[in-house]
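Have a look at protein36.txt; it's compact mmCIF, C-alpha atoms:
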```txt
# COMPACT_ATOMS: atom_id res chain seq x y z
CA MET L 269 131.40 44.43 153.08
CA SER L 270 128.03 42.74 153.41
CA THR L 271 126.20 45.96 152.55
CA PHE L 272 127.48 45.75 148.98
CA ARG L 273 126.33 43.52 146.17
CA THR L 274 129.15 42.50 143.89
CA THR L 275 128.57 40.76 140.58
CA LEU L 276 131.48 38.84 139.10
CA GLN L 277 130.19 38.48 135.56
CA ASP L 278 128.70 40.67 132.87
CA VAL L 279 125.28 41.97 133.83
CA GLY L 280 122.34 40.31 132.13
CA ALA L 281 118.70 41.34 132.24
CA ALA L 282 115.35 40.50 130.81
CA PRO L 283 114.40 41.84 127.38
CA GLY L 284 113.08 45.39 127.57
CA ALA L 285 115.04 46.20 130.71
CA GLY L 286 116.56 49.67 131.05
CA VAL L 287 120.18 50.73 131.43
CA LEU L 288 119.89 50.45 135.21
CA GLU L 289 119.55 46.67 134.90
CA THR L 290 121.59 46.01 131.75
CA ARG L 291 124.57 48.31 132.22
CA LEU L 292 124.87 49.56 135.80
CA THR L 293 123.70 47.25 138.58
CA GLY L 294 122.54 43.81 137.44
CA LEU L 295 119.53 44.31 139.70
CA SER L 296 115.99 44.68 138.51
CA ALA L 297 114.58 48.17 138.83
CA GLU L 298 112.31 46.86 141.60
CA GLU L 299 115.23 45.36 143.54
CA PHE L 300 117.30 48.51 143.18
CA ALA L 301 114.42 50.73 144.30
CA ARG L 302 113.59 48.52 147.27
CA ASP L 303 117.05 47.68 148.59
CA VAL L 304 119.53 50.31 147.40
CA TRP L 305 118.12 53.58 146.03
CA ALA L 306 118.95 56.51 148.35
CA ARG L 307 119.85 54.05 151.14
CA LYS L 308 123.34 52.63 150.69
CA PRO L 309 126.26 52.29 148.27
CA LEU L 310 126.35 49.50 145.71
CA LEU L 311 129.48 48.11 144.04
CA THR L 312 129.01 46.07 140.87
CA ARG L 313 132.07 44.36 139.40
CA ARG L 314 132.36 44.09 135.61
CA ALA L 315 128.95 45.65 135.16
CA SER L 316 129.50 46.44 131.47
CA ASP L 317 131.96 47.37 128.75
CA PHE L 318 131.66 51.16 128.61
CA SER L 319 133.96 51.73 125.61
CA ASP L 320 130.92 52.69 123.54
CA LEU L 321 130.22 55.60 125.89
CA PHE L 322 133.62 57.18 126.55
CA SER L 323 137.36 56.56 126.26
CA ALA L 324 140.81 58.07 126.63
CA GLU L 325 140.61 58.99 122.94
CA ALA L 326 137.40 60.90 123.65
CA VAL L 327 139.22 62.91 126.32
CA ASP L 328 141.92 63.95 123.84
CA GLU L 329 139.30 64.77 121.20
CA LEU L 330 137.31 67.01 123.52
CA ILE L 331 140.30 68.85 124.94
CA SER L 332 142.34 69.37 121.79
CA ARG L 333 139.86 69.61 118.91
CA ARG L 334 136.39 70.69 120.04
CA GLY L 335 137.09 74.29 121.08
CA LEU L 336 135.52 73.78 124.52
CA ARG L 337 135.25 76.73 126.88
CA THR L 338 134.87 76.97 130.63
CA PRO L 339 132.90 75.83 132.55
CA PHE L 340 132.98 72.65 130.43
CA LEU L 341 136.29 71.86 132.14
CA ARG L 342 137.69 72.26 135.64
CA VAL L 343 141.23 71.47 136.77
CA ALA L 344 141.98 70.31 140.32
CA LYS L 345 145.15 69.42 142.18
CA ASP L 346 145.75 68.36 145.78
CA GLY L 347 142.17 69.10 146.78
CA ALA L 348 141.94 72.59 145.24
CA THR L 349 140.46 73.86 141.97
CA LEU L 350 142.86 75.86 139.78
CA PRO L 351 141.87 79.30 138.38
CA ASP L 352 140.41 79.17 134.86
CA ALA L 353 143.01 81.62 133.59
CA THR L 354 145.75 79.03 134.13
CA PHE L 355 144.39 76.72 131.42
CA THR L 356 142.47 78.94 128.98
CA SER L 357 143.57 81.34 126.25
CA SER L 358 142.37 83.21 123.18
CA ALA L 359 140.82 81.25 120.31
CA GLY L 360 143.07 82.96 117.79
CA VAL L 361 142.43 84.79 114.51
CA GLY L 362 138.79 85.39 113.62
CA ALA L 363 137.32 84.53 117.01
CA THR L 364 136.58 86.91 119.86
CA ILE L 365 136.70 84.16 122.50
CA SER L 366 139.21 84.52 125.30
CA ASP L 367 138.44 81.45 127.43
CA GLN L 368 138.82 78.41 125.21
CA LEU L 369 140.79 75.49 126.58
CA ASP L 370 144.53 75.77 126.04
CA ASP L 371 145.66 72.21 125.32
CA THR L 372 149.33 73.03 125.97
CA ALA L 373 148.58 74.48 129.39
CA LEU L 374 146.33 71.52 130.18
CA TRP L 375 149.02 69.05 129.17
CA ARG L 376 151.51 70.76 131.48
CA ALA L 377 149.04 70.79 134.38
CA PHE L 378 148.14 67.14 133.82
CA ALA L 379 151.80 66.12 133.64
CA ASP L 380 152.27 67.96 136.94
CA GLY L 381 149.61 65.85 138.64
CA ALA L 382 146.37 67.78 138.06
CA THR L 383 143.01 66.09 137.49
CA LEU L 384 140.99 67.20 134.46
CA VAL L 385 137.22 67.35 135.00
CA LEU L 386 135.16 67.44 131.83
CA GLN L 387 131.78 68.77 132.92
CA ALA L 388 128.29 68.46 131.42
CA LEU L 389 129.33 65.74 128.98
CA GLN L 390 125.64 65.20 128.24
CA ARG L 391 125.99 68.39 126.16
CA THR L 392 129.32 67.72 124.47
CA TRP L 393 129.63 63.95 123.89
CA GLU L 394 126.66 62.30 122.18
CA PRO L 395 127.00 58.71 123.47
CA VAL L 396 127.14 59.95 127.06
CA GLY L 397 124.21 62.29 126.44
CA GLU L 398 122.04 59.52 125.03
CA PHE L 399 122.93 57.15 127.87
CA GLY L 400 122.19 59.80 130.48
CA ALA L 401 118.84 60.57 128.86
CA ARG L 402 117.84 56.90 129.01
CA LEU L 403 118.89 56.66 132.66
CA SER L 404 117.03 59.86 133.51
CA ALA L 405 113.87 58.58 131.84
CA GLN L 406 114.10 55.34 133.83
CA LEU L 407 114.82 56.95 137.20
CA GLY L 408 112.52 59.96 136.82
CA HIS L 409 115.30 62.31 138.03
CA PRO L 410 117.62 64.61 136.01
CA VAL L 411 121.08 63.26 135.14
CA GLN L 412 124.34 65.14 134.54
CA ALA L 413 127.59 63.53 133.36
CA ASN L 414 131.18 64.50 134.22
CA ALA L 415 134.45 62.73 133.40
CA TYR L 416 137.41 62.71 135.80
CA VAL L 417 140.84 62.17 134.26
CA THR L 418 143.52 61.65 136.88
CA PRO L 419 147.26 61.06 136.30
CA PRO L 420 149.07 58.22 138.12
CA GLN L 421 149.32 58.40 141.92
CA SER L 422 147.28 61.61 142.03
CA ARG L 423 144.03 62.76 143.60
CA GLY L 424 141.79 65.59 142.53
CA PHE L 425 139.65 66.35 145.58
CA ASP L 426 139.76 65.74 149.32
CA ALA L 427 137.07 63.65 151.04
CA HIS L 428 133.69 65.28 150.51
CA TYR L 429 130.08 64.48 149.85
CA ASP L 430 127.84 65.38 146.94
CA VAL L 431 124.32 66.80 147.17
CA HIS L 432 123.21 64.41 144.43
CA ASP L 433 123.43 60.64 143.97
CA VAL L 434 126.14 59.33 141.64
CA PHE L 435 126.95 56.32 139.52
CA VAL L 436 130.72 56.05 139.01
CA LEU L 437 131.66 54.16 135.82
CA GLN L 438 135.33 53.22 135.58
CA ILE L 439 136.40 53.69 131.95
CA ALA L 440 140.20 53.25 131.93
CA GLY L 441 142.94 52.62 134.47
CA THR L 442 142.28 51.94 138.14
CA LYS L 443 141.27 54.12 141.03
CA ARG L 444 141.15 53.51 144.76
CA TRP L 445 137.97 54.70 146.46
CA LEU L 446 137.52 55.36 150.17
CA VAL L 447 133.86 55.71 151.18
CA HIS L 448 132.67 56.77 154.65
CA GLU L 449 129.19 57.01 156.10
CA PRO L 450 127.40 60.38 156.00
CA VAL L 451 127.90 63.10 158.58
CA HIS L 452 124.79 64.87 157.24
CA PRO L 453 122.43 62.33 155.65
CA ASP L 454 120.42 63.30 152.57
CA PRO L 455 121.80 66.84 152.16
CA LEU L 456 119.73 69.32 150.18
CA ARG L 457 121.25 71.21 147.29
CA ASP L 458 121.97 74.25 149.47
CA GLN L 459 123.70 72.13 152.13
CA PRO L 460 127.18 71.45 150.63
CA TRP L 461 129.89 69.49 152.39
CA THR L 462 131.76 72.71 153.16
CA ASP L 463 129.00 73.48 155.71
CA HIS L 464 130.31 70.46 157.65
CA ARG L 465 133.98 70.68 156.75
CA SER L 466 135.38 69.72 160.17
CA ALA L 467 132.96 66.80 160.62
CA VAL L 468 133.80 65.53 157.12
CA ALA L 469 137.54 65.72 157.81
CA GLU L 470 137.16 63.91 161.13
CA ALA L 471 134.99 61.15 159.62
CA ALA L 472 137.44 60.67 156.76
CA ARG L 473 140.19 59.87 159.27
CA GLY L 474 138.17 56.95 160.64
CA ALA L 475 137.72 53.45 159.32
CA ALA L 476 136.25 53.38 155.82
CA HIS L 477 132.88 51.81 155.11
CA LEU L 478 134.36 50.76 151.76
CA ASP L 479 137.98 50.69 150.60
CA THR L 480 138.14 49.32 147.07
CA VAL L 481 139.83 49.66 143.70
CA LEU L 482 137.64 50.21 140.65
CA GLU L 483 138.77 48.61 137.39
CA PRO L 484 137.40 49.19 133.87
CA GLY L 485 133.77 48.08 133.71
CA ASP L 486 133.12 48.43 137.47
CA VAL L 487 130.30 50.65 138.73
CA LEU L 488 129.91 52.26 142.14
CA TYR L 489 126.62 53.83 143.22
CA LEU L 490 126.73 56.38 146.05
CA PRO L 491 123.65 58.09 147.52
CA ARG L 492 124.00 61.80 148.27
CA GLY L 493 125.75 62.55 151.52
CA TRP L 494 128.15 59.58 151.51
CA LEU L 495 131.75 60.76 151.94
CA HIS L 496 134.24 59.73 149.30
CA ALA L 497 137.75 60.38 148.05
CA ALA L 498 139.58 58.71 145.17
CA GLU L 499 143.17 58.33 143.98
CA ALA L 500 144.56 57.00 140.70
CA LEU L 501 147.01 54.13 141.11
CA GLY L 502 149.61 52.91 138.63
CA GLY L 503 148.33 54.59 135.47
CA VAL L 504 145.99 57.24 134.16
CA SER L 505 142.43 56.81 135.46
CA VAL L 506 139.35 57.87 133.51
CA HIS L 507 135.91 57.53 135.06
CA LEU L 508 132.46 58.87 134.32
CA THR L 509 130.29 60.21 137.10
CA LEU L 510 126.58 60.26 136.36
CA GLY L 511 125.10 62.72 138.83
CA ILE L 512 121.44 62.07 139.69
CA HIS L 513 119.90 65.37 140.80
CA THR L 514 117.19 63.80 142.87
CA TRP L 515 113.82 65.33 143.59
CA THR L 516 113.11 65.45 147.33
CA ARG L 517 110.02 65.76 149.50
CA TYR L 518 111.40 69.10 150.64
CA ALA L 519 111.39 70.31 147.02
CA LEU L 520 107.75 69.28 146.70
CA ALA L 521 106.98 71.10 149.95
CA GLU L 522 108.61 74.24 148.52
CA GLN L 523 106.43 74.00 145.43
CA LEU L 524 103.33 73.38 147.53
CA ALA L 525 104.11 76.50 149.56
CA GLN L 526 104.71 78.52 146.39
CA ALA L 527 101.38 77.40 144.96
CA ALA L 528 99.60 78.32 148.21
CA LEU L 529 101.23 81.76 148.37
CA ALA L 530 100.30 82.40 144.74
CA ALA L 531 96.67 81.63 145.60
CA LEU L 532 96.79 83.98 148.61
CA ARG L 533 97.65 86.89 146.32
CA ASP L 534 94.01 86.74 145.21
CA ASP L 535 92.72 86.91 148.79
CA PRO L 536 91.75 90.56 149.55
CA TRP L 537 92.09 90.02 153.31
CA MET L 538 95.67 88.74 152.92
CA ARG L 539 96.54 91.79 150.81
CA SER L 540 95.13 94.19 153.37
CA THR L 541 97.36 96.42 155.50
CA LEU L 542 98.16 95.60 159.10
CA PRO L 543 96.52 97.88 161.69
CA LEU L 544 98.02 101.26 162.41
CA GLY L 545 100.64 101.22 165.14
CA VAL L 546 101.18 97.46 165.05
CA ASP L 547 104.38 96.54 166.93
CA GLY L 548 104.50 92.81 166.19
CA PRO L 549 102.80 89.97 164.37
CA ASP L 550 101.19 88.24 167.37
CA GLY L 551 97.75 89.65 166.92
CA GLU L 552 97.53 88.63 163.27
CA LEU L 553 99.24 85.25 163.11
CA GLY L 554 96.24 83.16 164.10
CA MET L 555 94.06 84.26 161.19
CA ILE L 556 96.99 84.26 158.78
CA ARG L 557 97.77 80.66 159.72
CA GLN L 558 94.17 79.70 159.03
CA HIS L 559 94.22 81.32 155.60
CA LEU L 560 97.60 79.79 154.79
CA LEU L 561 96.53 76.32 155.93
CA ALA L 562 93.38 76.56 153.82
CA ALA L 563 95.47 77.63 150.80
CA VAL L 564 97.94 74.76 151.28
CA THR L 565 95.06 72.30 151.56
CA LYS L 566 93.65 73.44 148.23
CA ALA L 567 96.94 74.07 146.40
CA ASP L 568 98.00 71.90 143.49
CA PRO L 569 101.82 71.88 143.14
CA ALA L 570 101.75 69.66 140.02
CA PRO L 571 102.08 72.53 137.51
CA LEU L 572 105.10 73.92 139.36
CA PHE L 573 106.63 70.46 139.64
CA HIS L 574 106.31 69.73 135.94
CA ARG L 575 107.54 73.20 135.02
CA ALA L 576 110.62 72.77 137.21
CA ARG L 577 111.21 69.29 135.86
CA ARG L 578 111.02 70.52 132.27
CA GLY L 579 113.49 73.27 133.14
CA GLN L 580 116.07 70.83 134.52
CA GLY L 581 116.64 69.01 131.26
CA ARG L 582 116.91 69.56 127.54
CA PRO L 583 115.08 67.97 124.64
CA ALA L 584 116.94 65.79 122.16
CA PRO L 585 119.15 67.66 119.66
CA LEU L 586 117.40 69.33 116.72
CA GLY L 587 119.16 69.83 113.38
CA PRO L 588 117.82 73.00 111.73
CA LEU L 589 118.68 71.91 108.18
CA ALA L 590 117.07 68.48 108.58
CA GLN L 591 114.04 70.16 110.16
CA LEU L 592 113.72 72.63 107.27
CA ALA L 593 113.98 69.79 104.76
CA ALA L 594 111.19 67.96 106.61
CA VAL L 595 108.95 71.04 106.51
CA ASP L 596 109.65 71.70 102.82
CA GLY L 597 109.12 68.05 101.86
CA LEU L 598 106.07 67.46 104.07
CA GLY L 599 103.41 65.25 102.57
CA PRO L 600 100.87 62.65 103.69
CA ASP L 601 103.49 59.87 103.68
CA THR L 602 106.14 61.80 105.66
CA PRO L 603 106.98 59.83 108.84
CA VAL L 604 107.26 61.93 112.00
CA ARG L 605 107.50 61.37 115.75
CA LEU L 606 107.61 63.35 118.97
CA ARG L 607 111.05 64.82 119.63
CA ALA L 608 112.70 62.82 122.40
CA ALA L 609 113.06 64.05 125.99
CA MET L 610 110.38 66.71 125.56
CA GLU L 611 108.57 66.08 128.88
CA ALA L 612 105.38 66.64 126.87
CA ARG L 613 102.08 66.78 128.74
CA LEU L 614 98.61 67.41 127.39
CA GLU L 615 96.60 69.40 129.93
CA GLY L 616 93.16 70.11 128.49
CA PRO L 617 93.66 71.75 125.09
CA ARG L 618 97.27 72.79 125.91
CA LEU L 619 100.41 70.80 125.12
CA THR L 620 103.33 71.83 127.36
CA THR L 621 106.88 70.81 126.43
CA ARG L 622 110.47 71.80 127.05
CA VAL L 623 110.30 74.13 124.04
CA GLY L 624 107.08 75.93 125.03
CA TRP L 625 103.34 75.35 124.85
CA LEU L 626 100.69 75.14 122.14
CA ASP L 627 96.90 75.20 122.28
CA PHE L 628 94.81 72.98 120.02
CA SER L 629 91.25 72.69 118.84
CA GLU L 630 89.01 69.85 119.97
CA ALA L 631 89.37 68.30 116.51
CA ASP L 632 93.19 68.11 116.80
CA LEU L 633 93.39 66.75 120.36
CA PRO L 634 93.03 63.02 119.44
CA SER L 635 95.95 63.27 117.01
CA VAL L 636 98.08 65.19 119.54
CA SER L 637 97.33 62.54 122.18
CA ARG L 638 98.49 59.79 119.85
CA LEU L 639 101.83 61.52 119.33
CA LEU L 640 102.72 61.38 123.02
CA ASP L 641 103.71 57.70 122.85
CA GLY L 642 106.72 58.64 120.72
CA GLU L 643 105.89 56.19 117.92
CA ALA L 644 106.49 57.12 114.28
CA ARG L 645 103.39 57.95 112.26
CA ALA L 646 102.63 59.21 108.77
CA ALA L 647 101.69 62.88 108.56
CA GLY L 648 98.49 62.04 106.70
CA GLU L 649 97.38 59.86 109.60
CA LEU L 650 97.56 62.84 111.95
CA GLY L 651 96.73 65.71 109.65
CA VAL L 652 99.32 67.35 107.41
CA ALA L 653 98.51 70.88 108.60
CA LEU L 654 98.84 69.83 112.26
CA VAL L 655 102.13 68.07 111.59
CA GLY L 656 103.46 71.13 109.77
CA ARG L 657 102.65 73.31 112.77
CA LEU L 658 104.39 70.91 115.17
CA LEU L 659 107.44 70.56 112.93
CA ARG L 660 107.83 74.34 112.80
CA ALA L 661 107.50 74.52 116.56
CA GLY L 662 110.29 71.94 117.03
CA VAL L 663 107.93 69.52 118.77
CA LEU L 664 107.92 66.86 116.02
CA VAL L 665 110.94 65.65 114.06
CA PRO L 666 111.37 63.41 111.02
CA ALA L 667 111.01 59.81 112.19
CA GLY L 668 114.53 58.98 110.99
CA GLU L 669 116.10 61.68 113.20
```

Written as structure tokens, that's how I'd like the structure from this file.
Amino acid sequence: MSTFRTTLQDVGAAPGAGVLETRLTGLSAEEFARDVWARKPLLTRRASDFSDLFSAEAVDELISRRGLRTPFLRVAKDGATLPDATFTSSAGVGATISDQLDDTALWRAFADGATLVLQALQRTWEPVGEFGARLSAQLGHPVQANAYVTPPQSRGFDAHYDVHDVFVLQIAGTKRWLVHEPVHPDPLRDQPWTDHRSAVAEAARGAAHLDTVLEPGDVLYLPRGWLHAAEALGGVSVHLTLGIHTWTRYALAEQLAQAALAALRDDPWMRSTLPLGVDGPDGELGMIRQHLLAAVTKADPAPLFHRARRGQGRPAPLGPLAQLAAVDGLGPDTPVRLRAAMEARLEGPRLTTRVGWLDFSEADLPSVSRLLDGEARAAGELGVALVGRLLRAGVLVPAGE
């Protein structure tokens, strides 16, 4: 197993290091980027104590008391996903919701060997959401979190690959993982493992690249495309999967092409009609290629990239009552800061964020620029009227929030 780095003690890192170093790998960000990222799996023993993020008690809380609906939970058994109707029911008196989780049905399915998959935990469990946001900020790629809860001696899914990278964090119990090399390296998001079902099944019958048991505190990193299957051993297994929805060069190429095509809409020649009686494109392709190449050369995909990136995440939670109190109590000494995870960018006089855009006067731009570092500042230092506008827009929040 020489391709894996295994640490046998708690991970330590220099002050100011991110969660990648301190909680997940024990490697510096530079080492991880150079030697591991998108290249090969990495197993880290006893990487961290993850009890602050998630637990068996959190599973019970979410399933039995939070009123979750599908698709926040999937149920799988023997490699197949069960129909939602088998574990959902009406919310009862006073609620017109027919697909809330039925904890009795889920208990029966779990006792019968089914795996419970709590999806999008970054939206439903605050510690996981905050951790995922910090990891996303460090990696520069969106992060989603799922939890897999598997009864003893059971498996949820057959060998497969994901179209995103993952960090697997073992929370409770133990789970055996079998990892095989890719049959389709670096799959795009529209290239799922089911497109290569027979090749995946054949590869999974061969010798494993890694056959290991994860224990609480262990972390396994898998790049997209690596085949994997897992089975709980002697007790209930709970693990978190942090899915890294990586940006690819192909995605940038798509955005470059979109930007070029948008520019060609303003080219009268490109909008003109093909000659009468045309029976094929051959006579036109040469000039069209020239126009397209010129448009690609001039195109700037950055606006599309940043718009797509903003759309793939959410800003930090915003409490409407706390926000109203901040607006009503606004004064020169009121401390405020930029709302976290806003993906805020100042482009000329326009501030673009995950909650929309605002234009500013030349006089306000220095204060807006200062807010982008996320530090807390007094409203009077920035301009009370400006701060009031940004609080109402949901761009700023009270510094204590």

Point to revise | Exercise: segment 646-655 of chain L partners within 6 Å, all atoms listed in the file, chain neighbours under 5 positions left out, as a list in words | key: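 After dropping sequence-adjacent residues, the list is Pro600, Asp601, Thr602, Pro603 and Ser635 of chain L.
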
Review point. Hey, can you pull every residue with an atom no more than 10 Å from (121.5, 63.7, 152.0), using all atoms listed in the file, and send it as a ChimeraX atom specification?
Key: /L:306-307,429-433,450-457,459-460,491-494,516

Create the file for the chosen residues now, containing C-alpha atoms and written as a tab-separated table (two decimals), keeping the file's coordinate frame.
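Contents of the output file again26.tsv:
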```
chain	number	residue	atom	x	y	z
L	306	ALA	CA	118.95	56.51	148.35
L	307	ARG	CA	119.85	54.05	151.14
L	429	TYR	CA	130.08	64.48	149.85
L	430	ASP	CA	127.84	65.38	146.94
L	431	VAL	CA	124.32	66.80	147.17
L	432	HIS	CA	123.21	64.41	144.43
L	433	ASP	CA	123.43	60.64	143.97
L	450	PRO	CA	127.40	60.38	156.00
L	451	VAL	CA	127.90	63.10	158.58
L	452	HIS	CA	124.79	64.87	157.24
L	453	PRO	CA	122.43	62.33	155.65
L	454	ASP	CA	120.42	63.30	152.57
L	455	PRO	CA	121.80	66.84	152.16
L	456	LEU	CA	119.73	69.32	150.18
L	457	ARG	CA	121.25	71.21	147.29
L	459	GLN	CA	123.70	72.13	152.13
L	460	PRO	CA	127.18	71.45	150.63
L	491	PRO	CA	123.65	58.09	147.52
L	492	ARG	CA	124.00	61.80	148.27
L	493	GLY	CA	125.75	62.55	151.52
L	494	TRP	CA	128.15	59.58	151.51
L	516	THR	CA	113.11	65.45	147.33
```

Check your understanding: Of the residues L:Ser629, L:Thr312, L:Ser319, L:Ser540, which is the one nearest to Val506 of chain L, using only C-alpha atoms?
Key ->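 Nearest candidate to Val506 of chain L out of L:Ser629, L:Thr312, L:Ser319, L:Ser540: L:Ser319.
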
**Study point:** Nearby residues (only C-alpha atoms) at most 8 Å from Gly286 of chain L, same-chain spacing under 4 positions excluded, as JSON, numbers by chain
**Key:** {"L": [290, 402, 403, 406]}

Practice item. Find the residues around Asp352 of chain L up to 10 Å (all atoms listed in the file counted), leave out those fewer than 3 positions away in its own chain, and share them as number ranges by chain. Key: L: 337-339, 341-343, 349, 355-357, 367-369

Point to revise | atom CA of Ala348 of chain L to atom CA of Ala469 of chain L, distance in Å rounded to a single decimal | key: 15.0 Å

Review point. What does the distance between atom CA of Asp479 of chain L and atom CA of Arg444 of chain L come to in Å, to one decimal place?
Key: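 So the two atoms, atom CA of Asp479 of chain L and atom CA of Arg444 of chain L, lie 7.2 Å apart.
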
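Residue nearest Ala315 of chain L, chosen from L:Arg291, L:Arg333, L:Arg391, L:His464 and counting only C-alpha atoms: L:Arg291.
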
**Study point:** All residues 6 Å or closer to segment 412-418 of chain L, all atoms listed in the file, same chain fewer than 3 positions away omitted, as a VMD selection string
**Key:** chain L and resid 383 to 390 504 to 511

Check your understanding: Mind listing as a PyMOL selection string all residues within 12 Å of (129.5, 47.8, 138.6), counting all atoms listed in the file?
Key -> chain L and resi 272-279+288-295+309-318+435-439+481-490

Point to revise | Pick from L:Leu614, L:Val665, L:Ser422, L:Ala562, whichever lies nearest to Leu589 of chain L using all atoms listed in the file | key: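 Distance minimum relative to Leu589 of chain L lands on L:Val665.
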
Grab all the atoms of segment 567-585 of chain L that the file lists, wrap them in a box along x, y and z, add 8 Å per side, and give me centre plus edge lengths in Å (one decimal) as lines of an AutoDock Vina configuration file.
```
center_x = 108.0
center_y = 69.9
center_z = 133.0
size_x = 38.2
size_y = 24.3
size_z = 42.7
```

Review point. Skipping near chain neighbours, those fewer than 2 positions away, what residues fall within 8 Å of segment 520-529 of chain L using all atoms listed in the file, listed as a list in words?
Key: Trp515, Thr516, Arg517, Tyr518, Ala531, Leu532, Arg533, Leu560, Ala563, Val564, Lys566, Ala567, Asp568, Pro569, Leu572 and Phe573 of chain L

For the structure just given, write the atoms of segment 579-585 of chain L, namely all heavy atoms, as a PDB file, in the first residue's frame.
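Once everything was written out, this is decode_4.pdb:
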```
ATOM      1  N   GLY L 579     -23.711  30.210  -7.925  1.00  0.00           N
ATOM      2  CA  GLY L 579     -24.930  29.420  -7.931  1.00  0.00           C
ATOM      3  C   GLY L 579     -24.787  28.043  -7.325  1.00  0.00           C
ATOM      4  O   GLY L 579     -25.795  27.398  -7.021  1.00  0.00           O
ATOM      5  N   GLN L 580     -23.562  27.565  -7.122  1.00  0.00           N
ATOM      6  CA  GLN L 580     -23.354  26.216  -6.597  1.00  0.00           C
ATOM      7  C   GLN L 580     -23.212  26.177  -5.079  1.00  0.00           C
ATOM      8  O   GLN L 580     -22.940  25.121  -4.517  1.00  0.00           O
ATOM      9  CB  GLN L 580     -22.120  25.588  -7.241  1.00  0.00           C
ATOM     10  CG  GLN L 580     -22.355  25.198  -8.690  1.00  0.00           C
ATOM     11  CD  GLN L 580     -21.280  24.280  -9.221  1.00  0.00           C
ATOM     12  OE1 GLN L 580     -20.194  24.189  -8.669  1.00  0.00           O
ATOM     13  NE2 GLN L 580     -21.577  23.599 -10.299  1.00  0.00           N
ATOM     14  N   GLY L 581     -23.386  27.293  -4.430  1.00  0.00           N
ATOM     15  CA  GLY L 581     -23.300  27.314  -2.977  1.00  0.00           C
ATOM     16  C   GLY L 581     -24.322  28.271  -2.406  1.00  0.00           C
ATOM     17  O   GLY L 581     -25.076  28.931  -3.131  1.00  0.00           O
ATOM     18  N   ARG L 582     -24.363  28.344  -1.104  1.00  0.00           N
ATOM     19  CA  ARG L 582     -25.294  29.217  -0.407  1.00  0.00           C
ATOM     20  C   ARG L 582     -24.521  30.092   0.561  1.00  0.00           C
ATOM     21  O   ARG L 582     -23.501  29.671   1.114  1.00  0.00           O
ATOM     22  CB  ARG L 582     -26.335  28.394   0.370  1.00  0.00           C
ATOM     23  CG  ARG L 582     -27.252  27.552  -0.503  1.00  0.00           C
ATOM     24  CD  ARG L 582     -28.195  26.731   0.368  1.00  0.00           C
ATOM     25  NE  ARG L 582     -29.043  27.575   1.190  1.00  0.00           N
ATOM     26  CZ  ARG L 582     -30.239  28.026   0.800  1.00  0.00           C
ATOM     27  NH1 ARG L 582     -30.708  27.731  -0.395  1.00  0.00           N
ATOM     28  NH2 ARG L 582     -30.971  28.778   1.601  1.00  0.00           N
ATOM     29  N   PRO L 583     -25.011  31.307   0.792  1.00  0.00           N
ATOM     30  CA  PRO L 583     -24.374  32.124   1.823  1.00  0.00           C
ATOM     31  C   PRO L 583     -24.672  31.576   3.205  1.00  0.00           C
ATOM     32  O   PRO L 583     -25.529  30.693   3.370  1.00  0.00           O
ATOM     33  CB  PRO L 583     -25.021  33.500   1.621  1.00  0.00           C
ATOM     34  CG  PRO L 583     -26.352  33.195   1.015  1.00  0.00           C
ATOM     35  CD  PRO L 583     -26.150  31.971   0.158  1.00  0.00           C
ATOM     36  N   ALA L 584     -23.970  32.101   4.208  1.00  0.00           N
ATOM     37  CA  ALA L 584     -24.212  31.681   5.588  1.00  0.00           C
ATOM     38  C   ALA L 584     -25.655  31.984   5.979  1.00  0.00           C
ATOM     39  O   ALA L 584     -26.295  32.879   5.415  1.00  0.00           O
ATOM     40  CB  ALA L 584     -23.246  32.413   6.518  1.00  0.00           C
ATOM     41  N   PRO L 585     -26.206  31.244   6.945  1.00  0.00           N
ATOM     42  CA  PRO L 585     -27.600  31.470   7.356  1.00  0.00           C
ATOM     43  C   PRO L 585     -27.840  32.909   7.802  1.00  0.00           C
ATOM     44  O   PRO L 585     -26.959  33.570   8.354  1.00  0.00           O
ATOM     45  CB  PRO L 585     -27.776  30.488   8.523  1.00  0.00           C
ATOM     46  CG  PRO L 585     -26.755  29.426   8.292  1.00  0.00           C
ATOM     47  CD  PRO L 585     -25.585  30.119   7.669  1.00  0.00           C
TER      48      PRO L 585
END
```
